[in-house]
$ cat work_35.cif   # mmCIF, C-alpha atoms
data_protein
loop_
_atom_site.label_atom_id
_atom_site.label_comp_id
_atom_site.auth_asym_id
_atom_site.auth_seq_id
_atom_site.Cartn_x
_atom_site.Cartn_y
_atom_site.Cartn_z
CA MET A 1 72.19 83.64 76.16
CA SER A 2 69.44 86.21 76.05
CA ARG A 3 68.88 88.84 78.70
CA THR A 4 65.58 87.31 79.88
CA VAL A 5 67.10 83.86 80.36
CA ARG A 6 69.98 85.40 82.28
CA LEU A 7 67.69 87.44 84.52
CA THR A 8 65.50 84.38 85.22
CA MET A 9 68.56 82.38 86.23
CA VAL A 10 69.76 85.20 88.48
CA GLY A 11 66.29 85.44 90.05
CA VAL A 12 66.12 81.71 90.79
CA SER A 13 69.60 81.54 92.29
CA LEU A 14 69.07 84.71 94.33
CA ALA A 15 65.81 83.29 95.74
CA GLY A 16 67.69 80.16 96.82
CA PHE A 17 70.48 82.27 98.29
CA ALA A 18 67.99 84.44 100.18
CA ALA A 19 66.33 81.35 101.68
CA LEU A 20 69.73 79.98 102.83
CA LEU A 21 70.67 83.39 104.23
CA ALA A 22 67.41 83.75 106.20
CA TRP A 23 67.83 80.22 107.56
CA GLY A 24 71.42 80.95 108.59
CA VAL A 25 70.74 84.34 110.18
CA ALA A 26 67.77 82.95 112.16
CA ASP A 27 70.04 80.57 114.07
CA LEU A 28 72.78 83.08 114.90
CA PRO A 29 73.44 83.81 118.58
CA SER A 30 71.64 86.98 119.64
CA PHE A 31 73.83 90.06 119.30
CA GLY A 32 76.10 90.63 122.28
CA HIS A 33 75.84 87.07 123.59
CA TYR A 34 78.46 85.14 121.68
CA PRO A 35 78.55 81.62 123.16
CA GLY A 36 81.80 80.39 121.53
CA PRO A 37 84.14 78.76 124.05
CA TYR A 38 87.25 79.04 121.87
CA GLY A 39 87.58 82.82 122.03
CA ASP A 40 87.00 82.88 125.79
CA LEU A 41 89.67 80.24 126.33
CA ILE A 42 92.19 82.23 124.30
CA VAL A 43 91.38 85.43 126.22
CA LYS A 44 92.02 83.55 129.49
CA LEU A 45 95.12 81.69 128.38
CA VAL A 46 96.95 84.15 126.14
CA GLN A 47 98.77 85.94 128.96
CA PRO A 48 99.97 82.96 131.06
CA GLN A 49 100.54 80.68 128.06
CA ARG A 50 102.06 83.02 125.45
CA HIS A 51 103.04 86.20 127.36
CA MET A 52 101.23 88.27 124.71
CA ALA A 53 98.91 91.20 125.40
CA ASN A 54 97.17 91.32 122.02
CA ALA A 55 94.94 88.24 121.74
CA VAL A 56 94.10 88.94 118.08
CA THR A 57 97.76 88.85 117.00
CA ALA A 58 98.22 85.78 119.20
CA VAL A 59 95.52 84.03 117.17
CA VAL A 60 96.99 85.23 113.88
CA PHE A 61 100.63 84.31 114.46
CA ASP A 62 100.52 81.63 117.13
CA TYR A 63 97.30 79.70 117.79
CA ARG A 64 96.25 79.79 114.11
CA GLY A 65 99.63 80.51 112.52
CA PHE A 66 99.01 77.77 109.99
CA ASP A 67 95.97 79.60 108.56
CA THR A 68 98.00 82.79 108.30
CA MET A 69 100.54 80.92 106.19
CA GLY A 70 97.76 80.07 103.73
CA GLU A 71 96.64 83.70 103.69
CA GLU A 72 100.17 84.88 103.03
CA LEU A 73 100.64 82.45 100.16
CA LEU A 74 97.29 83.66 98.78
CA LEU A 75 98.55 87.24 98.76
CA PHE A 76 101.76 86.03 97.12
CA ALA A 77 99.79 84.20 94.43
CA ALA A 78 97.55 87.22 93.78
CA ALA A 79 100.52 89.60 93.43
CA SER A 80 102.29 87.15 91.11
CA ALA A 81 99.14 86.72 89.00
CA LEU A 82 98.72 90.48 88.72
CA ALA A 83 102.36 90.91 87.70
CA LEU A 84 101.87 88.18 85.08
CA LEU A 85 98.71 89.83 83.70
CA LEU A 86 100.18 93.32 83.49
CA ARG A 87 103.63 92.35 82.20
CA GLU A 88 102.76 93.33 78.64
CA THR A 89 104.30 96.74 79.17
CA ARG A 90 107.96 95.77 79.00
CA GLU A 91 110.80 97.39 80.90
CA ASP A 92 112.44 98.80 77.76
CA GLU A 93 109.22 100.61 76.82
CA VAL A 94 109.32 102.77 79.93
CA GLU A 95 113.05 103.03 80.66
CA ASP A 96 113.52 106.28 78.72
CA ILE A 97 110.50 107.98 80.27
CA ARG A 98 111.34 110.78 82.68
CA GLU A 99 108.63 112.30 84.80
CA PRO A 100 110.18 114.99 87.02
CA VAL A 101 108.04 116.16 89.94
CA LEU A 102 107.42 119.82 89.11
CA SER A 103 105.75 121.03 92.30
CA ASP A 104 107.88 121.69 95.37
CA ALA A 105 104.79 121.37 97.57
CA ILE A 106 104.12 117.83 96.31
CA ARG A 107 107.80 116.93 96.67
CA GLY A 108 107.96 118.18 100.25
CA GLY A 109 104.58 116.80 101.24
CA GLY A 110 105.32 113.41 99.70
CA LEU A 111 108.65 113.15 101.51
CA LEU A 112 107.08 114.15 104.83
CA ALA A 113 104.21 111.68 104.41
CA SER A 114 106.69 108.98 103.45
CA ILE A 115 108.86 109.47 106.54
CA VAL A 116 105.88 109.65 108.91
CA THR A 117 104.26 106.49 107.49
CA LEU A 118 107.61 104.68 107.58
CA VAL A 119 107.96 105.34 111.33
CA VAL A 120 104.28 104.49 111.97
CA GLY A 121 104.66 101.28 109.95
CA LEU A 122 107.74 100.14 111.89
CA TYR A 123 105.96 100.98 115.16
CA VAL A 124 102.84 99.00 114.19
CA VAL A 125 104.94 95.98 113.14
CA ALA A 126 107.15 96.04 116.24
CA HIS A 127 104.25 96.36 118.73
CA ALA A 128 102.27 93.49 117.22
CA PHE A 129 101.90 91.61 120.50
CA ILE A 130 101.35 94.62 122.74
CA THR A 131 99.04 97.14 121.05
CA PRO A 132 96.63 96.82 118.10
CA GLY A 133 98.69 96.08 115.02
CA GLY A 134 100.89 93.40 113.56
CA GLY A 135 102.72 92.30 110.47
CA PHE A 136 99.75 92.55 108.15
CA GLN A 137 98.61 96.03 109.13
CA GLY A 138 102.17 97.31 109.54
CA GLY A 139 103.20 95.79 106.22
CA VAL A 140 100.48 97.74 104.44
CA VAL A 141 101.58 100.98 106.15
CA LEU A 142 105.22 100.31 105.16
CA ALA A 143 104.13 99.76 101.55
CA ALA A 144 102.20 103.06 101.71
CA SER A 145 105.39 104.77 102.86
CA LEU A 146 107.25 103.77 99.70
CA ALA A 147 104.18 104.66 97.62
CA PHE A 148 104.28 108.18 99.14
CA LEU A 149 107.94 108.35 98.21
CA PHE A 150 106.79 108.13 94.59
CA LEU A 151 105.21 111.58 95.05
CA ALA A 152 108.56 113.02 96.07
CA ILE A 153 110.96 111.69 93.43
CA GLU A 154 111.06 111.03 89.71
CA TYR A 155 109.60 107.71 88.42
CA GLN A 156 112.92 106.13 87.31
CA ARG A 157 114.63 107.00 90.58
CA TRP A 158 111.68 105.63 92.53
CA GLY A 159 112.07 102.46 90.49
CA LYS A 160 115.62 102.08 91.82
CA VAL A 161 114.20 101.80 95.36
CA ALA A 162 110.86 100.07 94.95
CA HIS A 163 110.74 98.43 91.53
CA SER A 164 108.99 95.05 91.48
CA SER A 165 112.30 93.37 90.60
CA ILE A 166 113.42 94.46 94.10
CA MET A 167 110.07 93.95 95.83
CA GLU A 168 109.40 90.48 94.42
CA PRO A 169 112.45 88.99 96.23
CA VAL A 170 111.41 90.84 99.42
CA GLU A 171 107.92 89.36 99.20
CA ALA A 172 109.25 85.90 98.35
CA PHE A 173 111.75 86.07 101.22
CA GLY A 174 108.97 86.97 103.67
CA ALA A 175 106.67 84.17 102.53
CA GLY A 176 109.58 81.69 102.42
CA ALA A 177 110.84 82.70 105.87
CA TYR A 178 107.36 82.07 107.31
CA VAL A 179 107.34 78.51 105.97
CA ALA A 180 110.99 78.02 107.00
CA LEU A 181 110.19 79.04 110.61
CA GLY A 182 107.48 76.40 110.64
CA LEU A 183 109.95 73.82 109.36
CA ILE A 184 112.55 74.82 111.99
CA ALA A 185 109.98 74.07 114.71
CA LEU A 186 109.23 70.77 112.99
CA ALA A 187 112.93 69.86 112.79
CA SER A 188 113.45 70.55 116.49
CA GLY A 189 110.77 68.04 117.40
CA LEU A 190 107.83 70.46 117.87
CA ALA A 191 104.62 70.87 115.91
CA PHE A 192 104.68 72.88 112.67
CA LEU A 193 104.97 76.64 113.47
CA GLU A 194 105.08 75.97 117.22
CA ASN A 195 107.03 78.42 119.35
CA PHE A 196 110.70 77.42 119.76
CA MET A 197 112.11 80.50 121.52
CA GLU A 198 111.99 82.15 124.93
CA LEU A 199 108.53 83.67 125.48
CA GLY A 200 109.90 86.97 126.76
CA VAL A 201 108.39 89.39 129.28
CA PHE A 202 104.69 90.30 129.04
CA GLY A 203 104.15 93.80 127.67
CA ARG A 204 107.70 94.21 126.31
CA LEU A 205 108.76 94.28 122.66
CA SER A 206 110.47 90.93 123.26
CA SER A 207 107.24 89.15 124.27
CA GLY A 208 105.87 86.46 121.99
CA GLY A 209 108.72 84.04 121.31
CA SER A 210 109.27 82.89 117.74
CA ALA A 211 105.93 84.42 116.72
CA ILE A 212 107.93 87.70 116.61
CA LEU A 213 109.86 86.27 113.67
CA LEU A 214 106.65 85.11 111.99
CA ASN A 215 105.31 88.64 112.46
CA LEU A 216 108.39 90.17 110.81
CA ALA A 217 108.29 87.65 107.96
CA SER A 218 104.67 88.46 107.19
CA ALA A 219 105.38 92.22 107.39
CA LEU A 220 108.02 91.74 104.67
CA ALA A 221 105.71 89.56 102.58
CA VAL A 222 102.77 91.97 102.83
CA ALA A 223 104.81 95.12 102.18
CA GLY A 224 106.55 93.42 99.25
CA GLY A 225 103.29 92.08 97.85
CA PHE A 226 101.51 95.44 97.97
CA LEU A 227 104.48 97.20 96.38
CA VAL A 228 104.60 94.61 93.58
CA ILE A 229 100.90 95.35 92.93
CA PHE A 230 101.47 99.12 93.13
CA GLY A 231 104.64 99.05 91.01
CA GLU A 232 103.13 96.92 88.26
CA CYS A 233 100.02 99.12 88.00
CA LEU A 234 102.24 102.22 87.97
CA GLN A 235 104.45 100.85 85.20
CA GLU A 236 101.36 100.00 83.16
CA ASN A 237 100.03 103.50 83.73
CA VAL A 238 103.30 105.25 82.83
CA GLY A 239 103.58 103.13 79.70
CA ALA A 240 99.99 103.92 78.70
CA ARG A 241 100.34 107.65 79.25
CA HIS A 242 103.39 107.77 77.01
CA GLY A 243 101.74 105.82 74.23
CA SER A 244 103.55 102.49 74.40
CA ARG A 245 100.19 100.68 74.28
CA THR A 246 98.73 102.41 71.25
CA ASN A 247 100.44 100.21 68.64
CA ARG A 248 99.54 96.93 70.27
CA MET B 249 68.86 91.60 121.95
CA SER B 250 69.10 93.27 118.61
CA ILE B 251 69.36 91.90 115.09
CA LEU B 252 70.33 95.23 113.54
CA PRO B 253 74.06 94.34 113.00
CA TYR B 254 73.04 91.14 111.20
CA LEU B 255 70.56 93.04 109.05
CA LEU B 256 73.34 95.48 108.14
CA ALA B 257 75.57 92.58 107.06
CA VAL B 258 72.75 91.06 104.97
CA TRP B 259 71.97 94.48 103.46
CA LEU B 260 75.63 94.99 102.43
CA VAL B 261 75.77 91.56 100.78
CA ALA B 262 72.41 92.12 99.07
CA ILE B 263 73.22 95.58 97.71
CA GLY B 264 76.62 94.28 96.56
CA LEU B 265 75.00 91.35 94.76
CA TYR B 266 72.47 93.67 93.13
CA GLY B 267 75.36 95.80 91.90
CA ILE B 268 77.24 92.78 90.54
CA VAL B 269 74.18 91.51 88.65
CA SER B 270 73.16 94.86 87.21
CA SER B 271 76.64 96.25 86.56
CA ARG B 272 77.41 97.79 83.15
CA ASN B 273 81.04 98.54 83.95
CA LEU B 274 83.76 96.13 85.06
CA ILE B 275 85.38 98.60 87.48
CA HIS B 276 81.99 99.25 89.08
CA LEU B 277 81.62 95.48 89.31
CA ALA B 278 84.93 95.10 91.15
CA VAL B 279 83.81 97.74 93.67
CA CYS B 280 80.49 95.87 94.14
CA VAL B 281 82.42 92.69 94.97
CA SER B 282 84.25 94.53 97.75
CA VAL B 283 80.94 95.98 99.06
CA CYS B 284 79.66 92.39 99.20
CA GLN B 285 82.77 91.34 101.13
CA SER B 286 82.43 94.16 103.64
CA GLY B 287 79.13 92.50 104.63
CA THR B 288 81.20 89.53 105.80
CA TYR B 289 83.38 91.77 108.01
CA VAL B 290 80.29 93.18 109.71
CA LEU B 291 78.84 89.69 110.17
CA LEU B 292 82.06 88.31 111.71
CA LEU B 293 82.54 91.23 114.08
CA ALA B 294 78.85 91.20 115.07
CA ILE B 295 78.97 87.49 115.91
CA GLY B 296 82.00 87.91 118.16
CA TYR B 297 80.68 90.92 120.07
CA LYS B 298 79.85 90.60 123.76
CA ASP B 299 77.80 93.11 125.71
CA ARG B 300 80.12 95.67 127.32
CA GLY B 301 83.13 93.66 126.12
CA THR B 302 86.43 95.44 125.63
CA ALA B 303 88.97 94.88 122.84
CA PRO B 304 90.91 91.63 123.43
CA ILE B 305 94.17 93.49 124.02
CA PHE B 306 95.38 93.35 127.60
CA SER B 307 98.42 95.62 127.76
CA ASP B 308 96.59 98.06 130.04
CA VAL B 309 93.36 96.31 131.05
CA PRO B 310 93.30 93.30 133.43
CA ALA B 311 92.81 89.94 131.73
CA SER B 312 89.75 89.36 133.91
CA ARG B 313 87.80 92.04 131.97
CA ARG B 314 85.13 90.66 129.67
CA ALA B 315 86.51 90.87 126.12
CA VAL B 316 85.02 90.31 122.67
CA ASP B 317 86.05 87.21 120.73
CA PRO B 318 89.57 87.51 119.25
CA VAL B 319 89.14 84.61 116.83
CA VAL B 320 86.54 86.29 114.61
CA GLN B 321 88.62 89.48 114.66
CA ALA B 322 91.62 87.54 113.35
CA LEU B 323 89.30 86.04 110.70
CA THR B 324 88.21 89.56 109.69
CA LEU B 325 91.85 90.54 109.31
CA THR B 326 92.34 87.58 106.96
CA ASP B 327 89.17 88.54 105.14
CA ILE B 328 90.38 92.09 104.46
CA VAL B 329 93.70 90.90 103.03
CA VAL B 330 91.88 88.43 100.77
CA ALA B 331 89.52 91.22 99.65
CA VAL B 332 92.43 93.45 98.67
CA ALA B 333 94.07 90.65 96.69
CA ILE B 334 90.78 89.96 94.89
CA SER B 335 90.21 93.64 94.10
CA ALA B 336 93.71 93.98 92.67
CA LEU B 337 93.23 90.91 90.46
CA LEU B 338 89.73 91.95 89.29
CA LEU B 339 90.92 95.45 88.39
CA SER B 340 93.87 94.12 86.40
CA LEU B 341 91.50 91.73 84.60
CA ALA B 342 89.23 94.71 83.83
CA LEU B 343 92.26 96.46 82.32
CA LYS B 344 93.00 93.43 80.13
CA ALA B 345 89.32 93.20 79.08
CA PHE B 346 89.43 96.86 78.05
CA ASP B 347 92.56 96.15 75.96
CA HIS B 348 90.80 93.34 74.10
CA HIS B 349 87.29 94.78 73.67
CA GLY B 350 87.78 98.54 73.84
CA SER B 351 84.98 98.73 76.40
CA LEU B 352 84.34 98.07 80.05
CA ASP B 353 80.68 97.10 79.55
CA PRO B 354 80.25 93.31 79.84
CA ALA B 355 77.20 93.50 77.52
CA GLU B 356 79.34 94.96 74.72
CA MET B 357 81.87 92.12 74.78
CA ALA B 358 80.29 90.42 71.81
CA ASP B 359 82.62 87.41 71.70
CA LEU B 360 81.96 86.66 75.36
CA LYS B 361 79.47 83.78 75.48
CA GLY B 362 77.36 82.72 78.44
#
$ encode --input "work_35.cif" --output "structure tokens"
Amino acid sequence: MSRTVRLTMVGVSLAGFAALLAWGVADLPSFGHYPGPYGDLIVKLVQPQRHMANAVTAVVFDYRGFDTMGEELLLFAAASALALLLRETREDEVEDIREPVLSDAIRGGGLLASIVTLVVGLYVVAHAFITPGGGFQGGVVLAASLAFLFLAIEYQRWGKVAHSSIMEPVEAFGAGAYVALGLIALASGLAFLENFMELGVFGRLSSGGSAILLNLASALAVAGGFLVIFGECLQENVGARHGSRTNR
Amino acid sequence: MSILPYLLAVWLVAIGLYGIVSSRNLIHLAVCVSVCQSGTYVLLLAIGYKDRGTAPIFSDVPASRRAVDPVVQALTLTDIVVAVAISALLLSLALKAFDHHGSLDPAEMADLKG
């Protein structure tokens, strides 16, 4: 296909897209006056009904927990697909490679950053229903903590802690536990993913009922998924820098 | 009333699309896709905003306070996770394309038809 034909096709489809966009934007509620009843209802009901302070996390893990399951499986699929695509660099190609960290400043700084982000990550996960945060955000921070640890120790030793052969089961366990919690609710005569535990006291770490477990499961799945992505890219990079890709 | 937040969302999508269409580098293209997606975050958050509304988190404000819509915020959270997954996949595909063609420019991938 020639460049002119391609540009004409892009022009036509962009014109159609622009028309749709203008039509859609014209009918939006004016800024600051959102009329949706659903959000208002949740804001009113979240405290008496669910004993949760954070309405956003309540939507994510309770009212719309089913959607979150789809999102989690999507992340799982993306991490698996990435691992599949990058698996050309085999384990045995990188197992002899040693990359000692030469700078004490990087070692110290990496360790410090790793510990701080670990604590912050656990805090963000645990306070999901009280302050801004939750399993998704906290899971990413936890993954960052192990990524910082890579700065502090040698590649092979880092692999013993956070290799994708360790992180893949963690991710799979998180995603599986989320589905299993839904099935437990189903088996005890409730709707799929419905709360089946005591709701706890508003404003305490224990508030939220079985959504706490869903929150923990998704933290594991997200942290595992991000570390699979990070670990696979890192292995590819280490292999490439030491020439294992040149003779392919 | 102001339409500025909506214009910002449209602008982000438009500039992202322009980047995708005109891109000569697959990594640049992956970044343009995420610029496009950030337009959707702005749109979602702008729709859910209420004048003088507080964050929908009631640990230290009374539940009677007017709050912005929590549903679109949860949607934005989903959106960000999806965007990260897409970026990771696109970048790994760019890596594979470089392995096969020795170039990141889509125009130089001679055996790529269409």
$ residues_around --input "work_35.cif" --residues "Phe173 of chain A" --least-positions-apart "6" --cutoff "9 Å" --atoms "only C-alpha atoms" --output "mmCIF file with C-alpha atoms, in the frame of the given file"
data_model
loop_
_atom_site.group_PDB
_atom_site.id
_atom_site.type_symbol
_atom_site.label_atom_id
_atom_site.label_comp_id
_atom_site.auth_asym_id
_atom_site.auth_seq_id
_atom_site.Cartn_x
_atom_site.Cartn_y
_atom_site.Cartn_z
ATOM 1 C CA ALA A 217 108.290 87.650 107.960
ATOM 2 C CA LEU A 220 108.020 91.740 104.670
ATOM 3 C CA ALA A 221 105.710 89.560 102.580
#
$ resolve_selection --input "work_35.cif" --expression "the PyMOL selection byres ((chain B and resi 264) around 8)" --output "compact mmCIF listing (two decimals) with C-alpha atoms, in the coordinates of the input"
# COMPACT_ATOMS: atom_id res chain seq x y z
CA LEU B 260 75.63 94.99 102.43
CA VAL B 261 75.77 91.56 100.78
CA ALA B 262 72.41 92.12 99.07
CA ILE B 263 73.22 95.58 97.71
CA LEU B 265 75.00 91.35 94.76
CA TYR B 266 72.47 93.67 93.13
CA GLY B 267 75.36 95.80 91.90
CA ILE B 268 77.24 92.78 90.54
CA CYS B 280 80.49 95.87 94.14
CA VAL B 281 82.42 92.69 94.97
CA SER B 282 84.25 94.53 97.75
CA VAL B 283 80.94 95.98 99.06
CA CYS B 284 79.66 92.39 99.20
$ residues_around --input "work_35.cif" --residues "Gly231 of chain A" --least-positions-apart "6" --cutoff "12 Å" --atoms "only C-alpha atoms" --output "PyMOL selection string"
chain A and resi 79+82-83+86-87+91+143-144+146-147+150+155-156+158-168+223-225+237-238
$ atom_distance --input "work_35.cif" --atom1 "atom CA of Gly301 of chain B" --atom2 "atom CA of His33 of chain A"
10.1 Å
$ closest_residue --input "work_35.cif" --among "B:Leu291, B:Ile328, B:Leu337, B:Val279" --to "chain A" --atoms "all atoms listed in the file"
B:Leu337
$ residues_around --input "work_35.cif" --residues "Asp327 of chain B" --least-positions-apart "5" --cutoff "12 Å" --atoms "only C-alpha atoms" --output "list in words"
Asp67, Thr68, Glu71, Glu72, Leu74, Leu75 and Phe136 of chain A; Ser282, Cys284, Gln285, Ser286, Gly287, Thr288, Tyr289, Val290, Leu291, Leu292, Leu293, Val320, Gln321, Ala322, Val332, Ala333 and Ile334 of chain B
$ interface_residues --input "work_35.cif" --of "chain B" --to "chain A" --cutoff "7 Å" --atoms "all atoms listed in the file" --output "VMD selection string"
chain B and resid 249 to 251 294 to 299 304 to 307 311 317 to 319 321 to 322 326 333 337 340 362
$ atom_distance --input "work_35.cif" --atom1 "atom CA of Pro100 of chain A" --atom2 "atom CA of Glu154 of chain A"
4.9 Å
$ decode --input "work_35.cif" --residues "segment 41-114 of chain A" --atoms "C-alpha atoms" --output "PDB file, in the first residue's frame"
ATOM      1  CA  LEU A  41     -25.820   6.334  46.120  1.00  0.00           C
ATOM      2  CA  ILE A  42     -22.494   4.637  46.820  1.00  0.00           C
ATOM      3  CA  VAL A  43     -21.191   7.706  48.670  1.00  0.00           C
ATOM      4  CA  LYS A  44     -24.319   7.634  50.872  1.00  0.00           C
ATOM      5  CA  LEU A  45     -24.428   3.886  51.428  1.00  0.00           C
ATOM      6  CA  VAL A  46     -20.788   2.865  51.687  1.00  0.00           C
ATOM      7  CA  GLN A  47     -20.440   3.623  55.397  1.00  0.00           C
ATOM      8  CA  PRO A  48     -23.672   2.067  56.760  1.00  0.00           C
ATOM      9  CA  GLN A  49     -23.710  -0.801  54.249  1.00  0.00           C
ATOM     10  CA  ARG A  50     -20.046  -1.815  54.013  1.00  0.00           C
ATOM     11  CA  HIS A  51     -18.298  -0.093  56.964  1.00  0.00           C
ATOM     12  CA  MET A  52     -15.647   1.211  54.554  1.00  0.00           C
ATOM     13  CA  ALA A  53     -14.255   4.754  54.501  1.00  0.00           C
ATOM     14  CA  ASN A  54     -12.746   4.688  51.007  1.00  0.00           C
ATOM     15  CA  ALA A  55     -15.609   4.634  48.493  1.00  0.00           C
ATOM     16  CA  VAL A  56     -13.256   4.077  45.536  1.00  0.00           C
ATOM     17  CA  THR A  57     -11.825   0.858  46.994  1.00  0.00           C
ATOM     18  CA  ALA A  58     -15.366  -0.157  47.943  1.00  0.00           C
ATOM     19  CA  VAL A  59     -16.330   0.092  44.273  1.00  0.00           C
ATOM     20  CA  VAL A  60     -13.204  -1.763  43.157  1.00  0.00           C
ATOM     21  CA  PHE A  61     -13.350  -4.704  45.563  1.00  0.00           C
ATOM     22  CA  ASP A  62     -16.981  -4.895  46.614  1.00  0.00           C
ATOM     23  CA  TYR A  63     -19.682  -3.218  44.511  1.00  0.00           C
ATOM     24  CA  ARG A  64     -17.864  -3.941  41.228  1.00  0.00           C
ATOM     25  CA  GLY A  65     -15.576  -6.751  42.391  1.00  0.00           C
ATOM     26  CA  PHE A  66     -16.531  -8.775  39.343  1.00  0.00           C
ATOM     27  CA  ASP A  67     -15.040  -6.164  36.978  1.00  0.00           C
ATOM     28  CA  THR A  68     -11.852  -6.127  39.012  1.00  0.00           C
ATOM     29  CA  MET A  69     -11.560  -9.868  38.494  1.00  0.00           C
ATOM     30  CA  GLY A  70     -11.582  -9.285  34.731  1.00  0.00           C
ATOM     31  CA  GLU A  71      -8.943  -6.583  35.112  1.00  0.00           C
ATOM     32  CA  GLU A  72      -6.761  -8.867  37.176  1.00  0.00           C
ATOM     33  CA  LEU A  73      -7.019 -11.690  34.653  1.00  0.00           C
ATOM     34  CA  LEU A  74      -6.124  -9.154  31.943  1.00  0.00           C
ATOM     35  CA  LEU A  75      -2.934  -8.235  33.792  1.00  0.00           C
ATOM     36  CA  PHE A  76      -2.208 -11.944  34.239  1.00  0.00           C
ATOM     37  CA  ALA A  77      -2.690 -12.559  30.505  1.00  0.00           C
ATOM     38  CA  ALA A  78      -0.479  -9.597  29.562  1.00  0.00           C
ATOM     39  CA  ALA A  79       2.356 -10.717  31.877  1.00  0.00           C
ATOM     40  CA  SER A  80       2.106 -14.287  30.548  1.00  0.00           C
ATOM     41  CA  ALA A  81       2.127 -13.051  26.941  1.00  0.00           C
ATOM     42  CA  LEU A  82       5.187 -10.908  27.615  1.00  0.00           C
ATOM     43  CA  ALA A  83       6.992 -13.821  29.264  1.00  0.00           C
ATOM     44  CA  LEU A  84       6.123 -15.971  26.241  1.00  0.00           C
ATOM     45  CA  LEU A  85       7.408 -13.349  23.777  1.00  0.00           C
ATOM     46  CA  LEU A  86      10.685 -12.719  25.595  1.00  0.00           C
ATOM     47  CA  ARG A  87      11.464 -16.330  26.508  1.00  0.00           C
ATOM     48  CA  GLU A  88      13.982 -16.673  23.687  1.00  0.00           C
ATOM     49  CA  THR A  89      16.804 -15.823  26.051  1.00  0.00           C
ATOM     50  CA  ARG A  90      17.029 -19.120  27.914  1.00  0.00           C
ATOM     51  CA  GLU A  91      17.990 -19.599  31.533  1.00  0.00           C
ATOM     52  CA  ASP A  92      21.238 -21.404  30.705  1.00  0.00           C
ATOM     53  CA  GLU A  93      22.403 -18.470  28.579  1.00  0.00           C
ATOM     54  CA  VAL A  94      22.453 -16.117  31.543  1.00  0.00           C
ATOM     55  CA  GLU A  95      23.189 -18.447  34.463  1.00  0.00           C
ATOM     56  CA  ASP A  96      26.963 -17.920  34.339  1.00  0.00           C
ATOM     57  CA  ILE A  97      26.728 -14.145  34.100  1.00  0.00           C
ATOM     58  CA  ARG A  98      27.859 -12.302  37.211  1.00  0.00           C
ATOM     59  CA  GLU A  99      27.236  -8.605  37.523  1.00  0.00           C
ATOM     60  CA  PRO A 100      28.560  -7.431  40.907  1.00  0.00           C
ATOM     61  CA  VAL A 101      27.364  -4.002  42.047  1.00  0.00           C
ATOM     62  CA  LEU A 102      30.588  -1.989  42.169  1.00  0.00           C
ATOM     63  CA  SER A 103      29.400   1.221  43.809  1.00  0.00           C
ATOM     64  CA  ASP A 104      28.773   1.268  47.551  1.00  0.00           C
ATOM     65  CA  ALA A 105      26.548   4.326  47.132  1.00  0.00           C
ATOM     66  CA  ILE A 106      24.243   2.467  44.734  1.00  0.00           C
ATOM     67  CA  ARG A 107      24.233  -0.590  47.005  1.00  0.00           C
ATOM     68  CA  GLY A 108      23.318   1.444  50.069  1.00  0.00           C
ATOM     69  CA  GLY A 109      20.833   3.660  48.277  1.00  0.00           C
ATOM     70  CA  GLY A 110      19.146   0.706  46.594  1.00  0.00           C
ATOM     71  CA  LEU A 111      18.782  -1.149  49.892  1.00  0.00           C
ATOM     72  CA  LEU A 112      17.371   1.932  51.624  1.00  0.00           C
ATOM     73  CA  ALA A 113      14.912   2.612  48.794  1.00  0.00           C
ATOM     74  CA  SER A 114      13.896  -1.042  48.810  1.00  0.00           C
TER      75      SER A 114
END
